[in-house]
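**Q** One structure, pasted below without further comment.
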Amino acid sequence: MTTQSKLGEIYKRVLLIEDNSEICEFYKDFFDSEGLSIDIFNQIPWDQNELTDSYDILICDWLVGVQSSQLWLTDLYDNCKLPDVTLVSTGMFGVEDEISHLPVKVIYKPFDFEYLKKVIVQYNQF
């Protein structure tokens, strides 16, 4: 897949965990333009039964409210529910050290959506 292709040609569903509604709208517009369906949670869905669909991509803000997503991501990983493409978005440095045990990539804010698309396309090549 190239960055000229639509992400929707490969992936089908995105789960976004983000507490800022304005940022959610930017993600929604981007993924809609890429032909992907997106579900948005404004808080960490601790009850894994809330995650009824399978997702190809998970983008999770590092801090959702005042809560770090580290424990939730670890729980998903331990229960084999972590999507193949999992990104943590943050403006804080040093996050990689806290989640080095997880198969996730960190993307630093601010970023543009062309960069996000490049990271998703090249995800398994890192």
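Scheme for the structure tokens: letters A, B, ... for chains in order shown; per-chain residue numbers from 1; ligand numbers from 1 in order shown.
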Just list the residues in chain A DSSP gives helix (DSSP H, G or I) on the backbone, as a ChimeraX atom specification.

**A** /A:7-9,21-33,48-50,70-78,95-98,113-121,123-125

**Q** Would you mind exporting C-alpha atoms of the selected residues as an mmCIF file, in the first residue's frame?

**A**
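File produced: again_21.cif:
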data_model
loop_
_atom_site.group_PDB
_atom_site.id
_atom_site.type_symbol
_atom_site.label_atom_id
_atom_site.label_comp_id
_atom_site.auth_asym_id
_atom_site.auth_seq_id
_atom_site.Cartn_x
_atom_site.Cartn_y
_atom_site.Cartn_z
ATOM 1 C CA LEU A 7 -6.558 3.496 4.056
ATOM 2 C CA GLY A 8 -10.059 2.068 3.610
ATOM 3 C CA GLU A 9 -8.672 -0.214 0.891
ATOM 4 C CA SER A 21 -14.144 16.783 21.031
ATOM 5 C CA GLU A 22 -12.475 19.198 18.594
ATOM 6 C CA ILE A 23 -9.610 16.774 18.006
ATOM 7 C CA CYS A 24 -12.160 13.980 17.544
ATOM 8 C CA GLU A 25 -13.777 15.937 14.706
ATOM 9 C CA PHE A 26 -10.420 16.266 12.909
ATOM 10 C CA TYR A 27 -9.848 12.516 13.186
ATOM 11 C CA LYS A 28 -13.398 11.780 12.046
ATOM 12 C CA ASP A 29 -13.058 13.989 8.963
ATOM 13 C CA PHE A 30 -9.705 12.408 8.118
ATOM 14 C CA PHE A 31 -10.845 8.801 8.458
ATOM 15 C CA ASP A 32 -14.109 9.514 6.616
ATOM 16 C CA SER A 33 -12.049 10.861 3.709
ATOM 17 C CA GLN A 48 -14.076 -4.667 27.230
ATOM 18 C CA ASN A 49 -17.637 -5.760 26.426
ATOM 19 C CA GLU A 50 -18.176 -2.177 25.226
ATOM 20 C CA GLN A 70 -1.139 2.507 29.988
ATOM 21 C CA LEU A 71 -3.087 0.042 32.178
ATOM 22 C CA TRP A 72 -5.957 -0.191 29.702
ATOM 23 C CA LEU A 73 -3.630 -0.864 26.775
ATOM 24 C CA THR A 74 -1.776 -3.489 28.823
ATOM 25 C CA ASP A 75 -5.089 -5.146 29.684
ATOM 26 C CA LEU A 76 -6.098 -5.246 26.000
ATOM 27 C CA TYR A 77 -2.722 -6.737 25.114
ATOM 28 C CA ASP A 78 -2.924 -9.365 27.876
ATOM 29 C CA VAL A 95 6.002 7.667 26.931
ATOM 30 C CA GLU A 96 7.887 5.000 24.951
ATOM 31 C CA ASP A 97 9.666 3.907 28.126
ATOM 32 C CA GLU A 98 6.371 3.375 29.941
ATOM 33 C CA PHE A 113 -2.799 13.707 9.069
ATOM 34 C CA GLU A 114 -0.517 12.948 6.138
ATOM 35 C CA TYR A 115 2.115 11.980 8.717
ATOM 36 C CA LEU A 116 -0.462 9.862 10.567
ATOM 37 C CA LYS A 117 -1.336 8.109 7.320
ATOM 38 C CA LYS A 118 2.350 7.444 6.622
ATOM 39 C CA VAL A 119 2.786 5.933 10.108
ATOM 40 C CA ILE A 120 -0.247 3.669 9.584
ATOM 41 C CA VAL A 121 0.898 2.587 6.109
ATOM 42 C CA TYR A 123 3.299 0.445 10.738
ATOM 43 C CA ASN A 124 4.565 -3.114 10.318
ATOM 44 C CA GLN A 125 7.798 -1.923 8.702
#

**Q** So that I can see what lies close to A:Leu58, please list as a VMD selection string the residues with an atom at most 10 Å from it, counting only C-alpha atoms and leaving out residues fewer than 5 positions away in the same chain.

**A** chain A and resid 13 to 17 38 to 39 82 to 88 104

**Q** Among chain A, which ones does DSSP place in strand (DSSP E), written as a PyMOL selection string?

**A** chain A and resi 13-17+37-41+57-61+63-64+67-68+85-90+105-108

**Q** Just how far from atom CA of A:Cys60 is atom CA of A:Asp47, in Å to one decimal?

**A** 15.7 Å

**Q** Which residues are near A:Tyr108? Cut-off 7 Å, only C-alpha atoms, ignore same chain within fewer than 5 positions. Put them as a PyMOL selection string.

**A** chain A and resi 89-91

**Q** Interatomic distance between atom CA of A:Tyr55 and atom CA of A:Lys12?

**A**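 So the answer is 7.5 Å.
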
**Q** Between A:Pro45, A:Ile107, A:Asn79, A:Glu34, which one has atoms that come closest to A:Ile59, using only C-alpha atoms?

**A** A:Ile107

**Q** Grab the atom CA of A:Leu63 to atom CA of A:Asn42 distance for me, in Å with one decimal place.

**A**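 Interatomic distance here is 11.1 Å.
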